[in-house]
$ cat input_17.txt   # compact mmCIF, C-alpha atoms
# COMPACT_ATOMS: atom_id res chain seq x y z
CA MET A 1 -17.94 28.16 -1.58
CA THR A 2 -18.75 27.57 -5.26
CA SER A 3 -15.27 26.27 -6.03
CA HIS A 4 -15.77 23.46 -3.52
CA GLU A 5 -19.21 22.36 -4.62
CA ALA A 6 -18.05 19.81 -7.18
CA LEU A 7 -15.97 18.01 -4.61
CA THR A 8 -17.20 14.51 -3.90
CA TYR A 9 -15.19 11.42 -3.25
CA GLU A 10 -15.90 7.94 -2.06
CA ASN A 11 -13.59 4.96 -1.65
CA SER A 12 -13.44 1.77 0.34
CA PHE A 13 -10.02 0.70 1.58
CA PRO A 14 -9.58 -2.94 2.66
CA VAL A 15 -7.64 -3.44 5.90
CA GLU A 16 -5.83 -6.64 6.77
CA GLY A 17 -6.66 -7.78 10.28
CA GLY A 18 -4.56 -9.64 12.83
CA THR A 19 -1.26 -8.11 11.74
CA PHE A 20 0.59 -4.82 12.13
CA LYS A 21 2.56 -5.31 8.92
CA ASN A 22 0.77 -2.51 7.08
CA ALA A 23 -0.99 -0.83 10.01
CA GLY A 24 -1.00 2.86 9.12
CA ARG A 25 -0.74 2.51 5.35
CA ILE A 26 -4.40 3.41 4.69
CA SER A 27 -4.27 6.46 6.97
CA THR A 28 -1.20 7.80 5.19
CA ARG A 29 -3.01 7.36 1.85
CA VAL A 30 -6.17 9.02 3.14
CA LYS A 31 -4.16 11.95 4.46
CA ALA A 32 -2.37 12.41 1.11
CA LEU A 33 -5.73 12.27 -0.71
CA LEU A 34 -7.29 14.97 1.48
CA LYS A 35 -4.20 17.12 1.03
CA GLU A 36 -4.64 16.85 -2.75
CA MET A 37 -8.28 17.91 -2.30
CA LYS A 38 -6.96 20.97 -0.42
CA LEU A 39 -9.17 20.45 2.60
CA PRO A 40 -8.45 22.68 5.62
CA LYS A 41 -5.43 21.50 7.60
CA GLU A 42 -7.40 20.98 10.79
CA ILE A 43 -9.90 18.71 9.00
CA ILE A 44 -7.10 16.66 7.42
CA ARG A 45 -5.51 16.13 10.81
CA ARG A 46 -8.76 15.07 12.47
CA VAL A 47 -9.66 12.67 9.65
CA ALA A 48 -6.12 11.25 9.64
CA VAL A 49 -6.13 10.57 13.39
CA ILE A 50 -9.60 8.97 13.26
CA THR A 51 -8.67 6.81 10.27
CA TYR A 52 -5.44 5.75 11.95
CA GLU A 53 -7.12 4.79 15.22
CA ALA A 54 -9.75 2.84 13.27
CA GLU A 55 -7.09 1.12 11.19
CA ILE A 56 -5.08 0.17 14.28
CA ASN A 57 -8.24 -1.26 15.87
CA ILE A 58 -8.95 -3.46 12.85
CA CYS A 59 -5.32 -4.64 12.76
CA SER A 60 -5.47 -5.35 16.50
CA TYR A 61 -8.82 -7.00 16.98
CA ALA A 62 -10.45 -8.07 13.72
CA GLU A 63 -9.85 -10.68 11.07
CA ARG A 64 -10.50 -8.24 8.28
CA GLY A 65 -12.19 -4.96 7.70
CA ARG A 66 -12.53 -1.90 5.55
CA ILE A 67 -12.48 1.84 5.91
CA VAL A 68 -14.91 3.81 3.79
CA LEU A 69 -14.07 7.45 3.21
CA ARG A 70 -16.60 9.91 1.82
CA VAL A 71 -15.87 13.54 1.14
CA THR A 72 -18.53 16.07 0.19
CA PRO A 73 -18.25 19.87 0.15
CA LYS A 74 -19.78 20.04 3.62
CA PHE A 75 -18.47 17.04 5.50
CA VAL A 76 -16.20 14.01 5.63
CA THR A 77 -17.40 10.65 6.89
CA ILE A 78 -15.21 7.77 7.92
CA GLU A 79 -16.74 4.34 8.35
CA ALA A 80 -14.75 1.48 9.84
CA ILE A 81 -16.42 -1.88 9.32
CA ASP A 82 -14.82 -5.07 10.53
CA GLU A 83 -15.44 -8.78 10.85
CA GLY A 84 -14.07 -9.70 14.21
CA GLN A 85 -14.67 -10.47 17.84
CA GLY A 86 -16.97 -7.50 18.44
CA ILE A 87 -17.25 -5.48 21.64
CA ALA A 88 -19.14 -6.96 24.60
CA ASP A 89 -19.69 -3.76 26.58
CA ILE A 90 -19.51 -0.63 24.45
CA GLU A 91 -19.91 1.76 27.38
CA LEU A 92 -16.93 0.15 29.11
CA ALA A 93 -14.89 0.09 25.88
CA MET A 94 -15.48 3.83 25.44
CA LYS A 95 -13.92 4.58 28.84
CA GLU A 96 -10.46 6.13 28.60
CA GLY A 97 -7.87 3.64 29.79
CA TYR A 98 -10.02 0.55 29.38
CA SER A 99 -8.43 -1.94 27.01
CA THR A 100 -8.47 -5.63 26.14
CA ALA A 101 -5.17 -5.34 24.25
CA THR A 102 -2.79 -8.28 24.20
CA GLU A 103 0.91 -8.03 25.01
CA LYS A 104 1.64 -8.11 21.25
CA ILE A 105 -0.54 -5.05 20.64
CA ARG A 106 1.05 -3.17 23.55
CA SER A 107 4.55 -4.00 22.35
CA MET A 108 3.65 -2.23 19.10
CA GLY A 109 2.82 0.92 21.08
CA PHE A 110 -0.95 0.62 21.17
CA GLY A 111 -3.70 -0.61 23.46
CA ALA A 112 -3.72 2.21 25.99
CA GLY A 113 -7.50 2.27 25.89
CA MET A 114 -7.63 5.69 24.24
CA GLY A 115 -8.59 4.77 20.67
CA LEU A 116 -12.39 4.89 20.78
CA SER A 117 -12.57 7.98 22.98
CA ASN A 118 -10.00 9.71 20.79
CA MET A 119 -12.10 8.95 17.70
CA ARG A 120 -15.17 10.33 19.45
CA ASN A 121 -13.30 13.47 20.53
CA PHE A 122 -11.96 14.15 17.04
CA SER A 123 -15.33 13.73 15.29
CA ASP A 124 -18.49 15.84 15.27
CA THR A 125 -20.75 12.81 15.36
CA PHE A 126 -19.72 9.34 16.41
CA ARG A 127 -21.73 6.14 16.13
CA ILE A 128 -20.77 2.64 17.16
CA ILE A 129 -22.58 -0.64 16.62
CA SER A 130 -21.09 -3.98 17.60
CA GLU A 131 -22.12 -7.61 17.69
CA ILE A 132 -20.17 -10.33 19.48
CA ASP A 133 -18.33 -12.71 17.11
CA LYS A 134 -19.64 -10.75 14.12
CA GLY A 135 -17.86 -7.42 14.16
CA THR A 136 -17.94 -3.71 14.81
CA ARG A 137 -19.10 -0.79 12.74
CA LEU A 138 -18.02 2.77 13.48
CA LYS A 139 -19.23 5.87 11.69
CA MET A 140 -17.72 9.27 12.25
CA LEU A 141 -18.63 12.58 10.66
CA ILE A 142 -16.63 15.79 10.52
CA HIS A 143 -18.14 19.06 9.28
CA ILE A 144 -15.89 21.07 7.01
CA ASP A 145 -15.43 24.71 7.88
CA TRP A 146 -13.73 26.16 4.82
CA ASN A 147 -13.01 29.43 6.58
CA ARG A 148 -10.87 27.85 9.29
CA GLY A 149 -7.28 26.73 9.00
CA SER A 150 -7.24 26.49 5.22
CA ILE A 151 -3.95 25.54 3.59
CA MET B 1 16.39 25.66 17.09
CA THR B 2 17.19 23.60 14.03
CA LEU B 3 17.22 19.82 13.86
CA ARG B 4 20.97 20.12 13.33
CA GLU B 5 21.30 21.80 16.74
CA VAL B 6 19.12 19.06 18.28
CA LYS B 7 21.51 16.52 16.78
CA GLU B 8 24.50 18.29 18.39
CA ILE B 9 22.84 18.66 21.80
CA LEU B 10 21.91 14.97 21.89
CA ASP B 11 25.12 13.72 20.29
CA ALA B 12 22.69 11.98 17.95
CA GLU B 13 23.07 10.05 14.75
CA VAL B 14 20.87 10.90 11.79
CA ILE B 15 19.20 7.75 10.48
CA ALA B 16 16.84 9.36 7.97
CA GLY B 17 16.34 12.89 6.69
CA HIS B 18 19.95 14.08 6.29
CA ASP B 19 18.63 16.75 3.94
CA ARG B 20 16.11 18.12 6.45
CA LEU B 21 18.39 19.22 9.28
CA ASP B 22 17.57 22.91 8.75
CA LEU B 23 14.01 22.27 9.97
CA GLU B 24 13.06 24.59 12.86
CA VAL B 25 11.62 23.00 16.00
CA THR B 26 10.41 24.60 19.21
CA GLU B 27 8.26 21.94 20.91
CA ALA B 28 8.42 18.27 21.81
CA GLY B 29 6.50 15.42 23.36
CA SER B 30 7.63 12.02 24.59
CA ALA B 31 5.93 8.64 25.03
CA ASP B 32 6.47 4.99 24.26
CA LEU B 33 2.79 4.42 23.67
CA MET B 34 1.65 5.72 20.29
CA SER B 35 -1.92 5.62 21.66
CA ASP B 36 -0.87 8.40 24.02
CA VAL B 37 1.03 10.32 21.35
CA LEU B 38 -2.18 10.40 19.29
CA VAL B 39 -3.94 12.17 22.12
CA PHE B 40 -1.47 14.94 22.91
CA CYS B 41 1.27 15.46 20.30
CA LYS B 42 0.97 18.69 18.32
CA ALA B 43 1.83 19.30 14.68
CA GLY B 44 5.42 20.43 14.19
CA SER B 45 6.65 18.86 17.46
CA LEU B 46 9.54 16.51 17.98
CA LEU B 47 8.55 13.03 19.12
CA LEU B 48 10.91 11.42 21.65
CA THR B 49 10.34 7.68 21.97
CA GLY B 50 11.93 4.32 22.64
CA LEU B 51 9.71 2.59 20.11
CA THR B 52 11.25 1.68 16.73
CA ASN B 53 8.56 0.03 14.59
CA PRO B 54 7.03 1.54 11.42
CA GLN B 55 3.96 2.64 13.38
CA VAL B 56 6.10 5.37 14.98
CA ILE B 57 6.50 6.86 11.51
CA TYR B 58 2.85 6.37 10.57
CA THR B 59 1.91 8.10 13.83
CA ALA B 60 4.31 10.94 13.05
CA ASP B 61 2.84 11.30 9.56
CA VAL B 62 -0.76 11.35 10.77
CA LEU B 63 0.05 14.07 13.33
CA ASP B 64 2.45 16.10 11.14
CA ILE B 65 5.25 15.55 13.63
CA ALA B 66 8.47 17.27 12.53
CA ALA B 67 10.96 14.54 13.46
CA VAL B 68 11.37 11.42 15.58
CA ILE B 69 14.15 11.08 18.16
CA MET B 70 14.77 7.49 19.25
CA VAL B 71 16.25 7.35 22.75
CA ARG B 72 18.30 4.82 24.75
CA GLY B 73 20.37 4.01 21.66
CA LYS B 74 17.41 2.38 19.94
CA ARG B 75 17.85 1.74 16.25
CA PRO B 76 14.86 1.53 13.93
CA PHE B 77 13.97 -1.54 11.89
CA PRO B 78 14.91 -1.34 8.17
CA GLU B 79 11.23 -1.08 7.22
CA THR B 80 10.90 1.88 9.61
CA ILE B 81 13.79 3.66 7.89
CA ARG B 82 12.32 2.96 4.44
CA LEU B 83 8.97 4.38 5.51
CA ALA B 84 10.59 7.46 7.08
CA GLU B 85 12.39 8.16 3.82
CA GLU B 86 9.20 7.67 1.82
CA LEU B 87 7.16 9.98 4.07
CA GLN B 88 10.09 12.38 4.57
CA ILE B 89 10.15 12.19 8.34
CA PRO B 90 13.64 12.54 9.86
CA ILE B 91 14.80 9.98 12.44
CA LEU B 92 17.63 10.68 14.88
CA THR B 93 18.93 8.23 17.44
CA THR B 94 20.60 9.20 20.71
CA LYS B 95 22.23 7.08 23.39
CA TYR B 96 20.80 9.27 26.15
CA ILE B 97 17.91 7.84 28.13
CA LEU B 98 14.54 9.54 27.75
CA PHE B 99 14.82 11.66 30.93
CA GLU B 100 18.27 12.94 30.00
CA THR B 101 17.17 13.62 26.40
CA VAL B 102 14.20 15.65 27.60
CA GLY B 103 16.35 17.55 30.12
CA ARG B 104 19.01 18.48 27.61
CA LEU B 105 16.47 19.79 25.10
CA TYR B 106 14.40 21.57 27.76
CA THR B 107 17.36 23.49 29.17
CA LYS B 108 18.20 24.64 25.64
CA GLY B 109 14.72 26.06 25.16
CA ILE B 110 12.59 23.30 23.66
CA VAL B 111 9.21 23.33 25.41
CA SER B 112 6.45 20.76 25.86
CA CYS B 113 3.94 20.52 23.02
CA ILE B 114 1.28 20.64 25.73
CA GLN B 115 1.84 20.88 29.47
CA LYS B 116 -1.16 18.97 30.76
CA VAL B 117 -3.46 16.52 29.03
CA ASP B 118 -6.61 18.51 29.77
CA GLU B 119 -5.40 21.03 27.17
CA THR B 120 -5.96 18.56 24.33
CA SER B 121 -9.35 20.00 23.42
CA ASP B 122 -7.56 22.33 21.01
CA ILE B 123 -4.69 20.40 19.55
CA SER B 124 -4.87 21.45 15.93
$ encode --input "input_17.txt" --output "structure tokens"
Amino acid sequence: MTSHEALTYENSFPVEGGTFKNAGRISTRVKALLKEMKLPKEIIRRVAVITYEAEINICSYAERGRIVLRVTPKFVTIEAIDEGQGIADIELAMKEGYSTATEKIRSMGFGAGMGLSNMRNFSDTFRIISEIDKGTRLKMLIHIDWNRGSI
Amino acid sequence: MTLREVKEILDAEVIAGHDRLDLEVTEAGSADLMSDVLVFCKAGSLLLTGLTNPQVIYTADVLDIAAVIMVRGKRPFPETIRLAEELQIPILTTKYILFETVGRLYTKGIVSCIQKVDETSDIS
């Protein structure tokens, strides 16, 4: 455990909303960063999927946003903060299969209504706050188990 | 089997990753919705899809997918190829439709990455 204690990292990645031009770029960077930090493979995969879903959501529904990644020896947190349309009914939005995606989003291969529930399933704690016409804020936490699936 | 054998079985063309054809694959998943792929596709699997945009490659990278097979003769956009080369994810394209592609691989021993979606609780 001692060798991991010094590990701390924090960075905020801006995400361009309303376009798919670079949708996925941040997630690929985050994944490479965690690999360099030698986090367990399973953790890297979960963080990567969560970051990707969050990034796709910002690209799909918001004008702009950012993803804040924090890594400590014990956990990883991913915050996705956007300025956008917000979510009217969070309970409904969390339902698998429910989506407000446009044809453009679907043609890119997204908008199946699985994003939020997938993020919840991949995280240990999941929090969502949203305000109409202001934006949405997601915070996900993943505990690191150094004894499992280390690379 | 190796990616080279997959290429032969599917009469496929290698678009990216010519140097990675010795990669061993045993499992695959198929979908045109990346949202669905993110729920069920396992690391090391082949991804069979009709989608050709860069997000297919980002999805493959996030999930550690071994290689992407584009079906129905679909050809990726140039930016998709560039990204695949950068992230070292092979792309093959086959003229077979998705059902035929799946059938040909299945009969040669490639299995589903998961059989039913309720098994996704342990996907890592």
$ atom_distance --input "input_17.txt" --atom1 "atom CA of B:Ala12" --atom2 "atom CA of B:Ile89"
15.8 Å
$ residues_around --input "input_17.txt" --residues "A:Thr8" --least-positions-apart "4" --cutoff "9 Å" --atoms "only C-alpha atoms" --output "ChimeraX atom specification"
/A:70-73
$ closest_residue --input "input_17.txt" --among "A:Gly135, A:Pro40, A:Gly84, A:Gly17" --to "A:Ile56" --atoms "only C-alpha atoms"
A:Gly17
$ axis_aligned_box --input "input_17.txt" --around "stretch 92-95 of chain A" --padding-each-side "4 Å" --output "JSON"
{"center_x": -15.4, "center_y": 2.3, "center_z": 27.3, "size_x": 11.0, "size_y": 12.5, "size_z": 11.7}
$ interface_residues --input "input_17.txt" --of "chain B" --to "chain A" --cutoff "6 Å" --atoms "only C-alpha atoms" --output "PDB file with C-alpha atoms, in the frame of the given file"
ATOM      1  CA  LEU B  33       2.790   4.420  23.670  1.00  0.00           C
ATOM      2  CA  MET B  34       1.650   5.720  20.290  1.00  0.00           C
ATOM      3  CA  SER B  35      -1.920   5.620  21.660  1.00  0.00           C
ATOM      4  CA  TYR B  58       2.850   6.370  10.570  1.00  0.00           C
ATOM      5  CA  VAL B  62      -0.760  11.350  10.770  1.00  0.00           C
ATOM      6  CA  SER B 124      -4.870  21.450  15.930  1.00  0.00           C
TER       7      SER B 124
END
$ atom_distance --input "input_17.txt" --atom1 "atom CA of B:Thr59" --atom2 "atom CA of B:Leu38"
7.2 Å
$ residues_around --input "input_17.txt" --residues "stretch 64-80 of chain B" --least-positions-apart "5" --cutoff "6 Å" --atoms "only C-alpha atoms" --output "PyMOL selection string"
chain B and resi 43-50+52-54+89-98
$ atom_distance --input "input_17.txt" --atom1 "atom CA of B:Gly109" --atom2 "atom CA of B:Glu27"
8.8 Å
$ closest_residue --input "input_17.txt" --among "A:Glu79, A:Gly86, A:Gly65, A:Ile58" --to "A:Asn11" --atoms "all atoms listed in the file"
A:Glu79
$ residues_around --input "input_17.txt" --residues "B:Ile9" --least-positions-apart "4" --cutoff "8 Å" --atoms "all atoms listed in the file" --output "ChimeraX atom specification"
/B:5,104-105
$ closest_residue --input "input_17.txt" --among "A:Thr19, A:Ser60, A:Gln85, A:Thr100" --to "A:Ser130" --atoms "only C-alpha atoms"
A:Gln85
$ closest_residue --input "input_17.txt" --among "A:Lys134, A:Arg148, A:Lys74, A:Arg64" --to "A:Ala88" --atoms "all atoms listed in the file"
A:Lys134
$ closest_residue --input "input_17.txt" --among "B:Leu63, B:Ile81, B:His18, B:Glu86" --to "B:Val39" --atoms "all atoms listed in the file"
B:Leu63
$ closest_residue --input "input_17.txt" --among "A:Ala80, A:Ile87, A:Ile129, A:Leu92" --to "A:Val68" --atoms "only C-alpha atoms"
A:Ala80
$ residues_around --input "input_17.txt" --residues "A:Phe75" --least-positions-apart "2" --cutoff "6 Å" --atoms "all atoms listed in the file" --output "compact mmCIF listing (two decimals) with C-alpha atoms, in the frame of the given file"
# COMPACT_ATOMS: atom_id res chain seq x y z
CA THR A 72 -18.53 16.07 0.19
CA ILE A 142 -16.63 15.79 10.52
CA HIS A 143 -18.14 19.06 9.28
CA ILE A 144 -15.89 21.07 7.01
$ residues_near_point --input "input_17.txt" --point "(7.8, 13.6, 25.1)" --cutoff "6 Å" --atoms "only C-alpha atoms" --output "PyMOL selection string"
chain B and resi 28-31+48
$ residues_around --input "input_17.txt" --residues "A:Arg66" --least-positions-apart "6" --cutoff "9 Å" --atoms "all atoms listed in the file" --output "list in words"
Ser12, Phe13, Pro14, Val15, Glu16, Glu55, Ile58, Glu79, Ala80, Ile81 and Asp82 of chain A
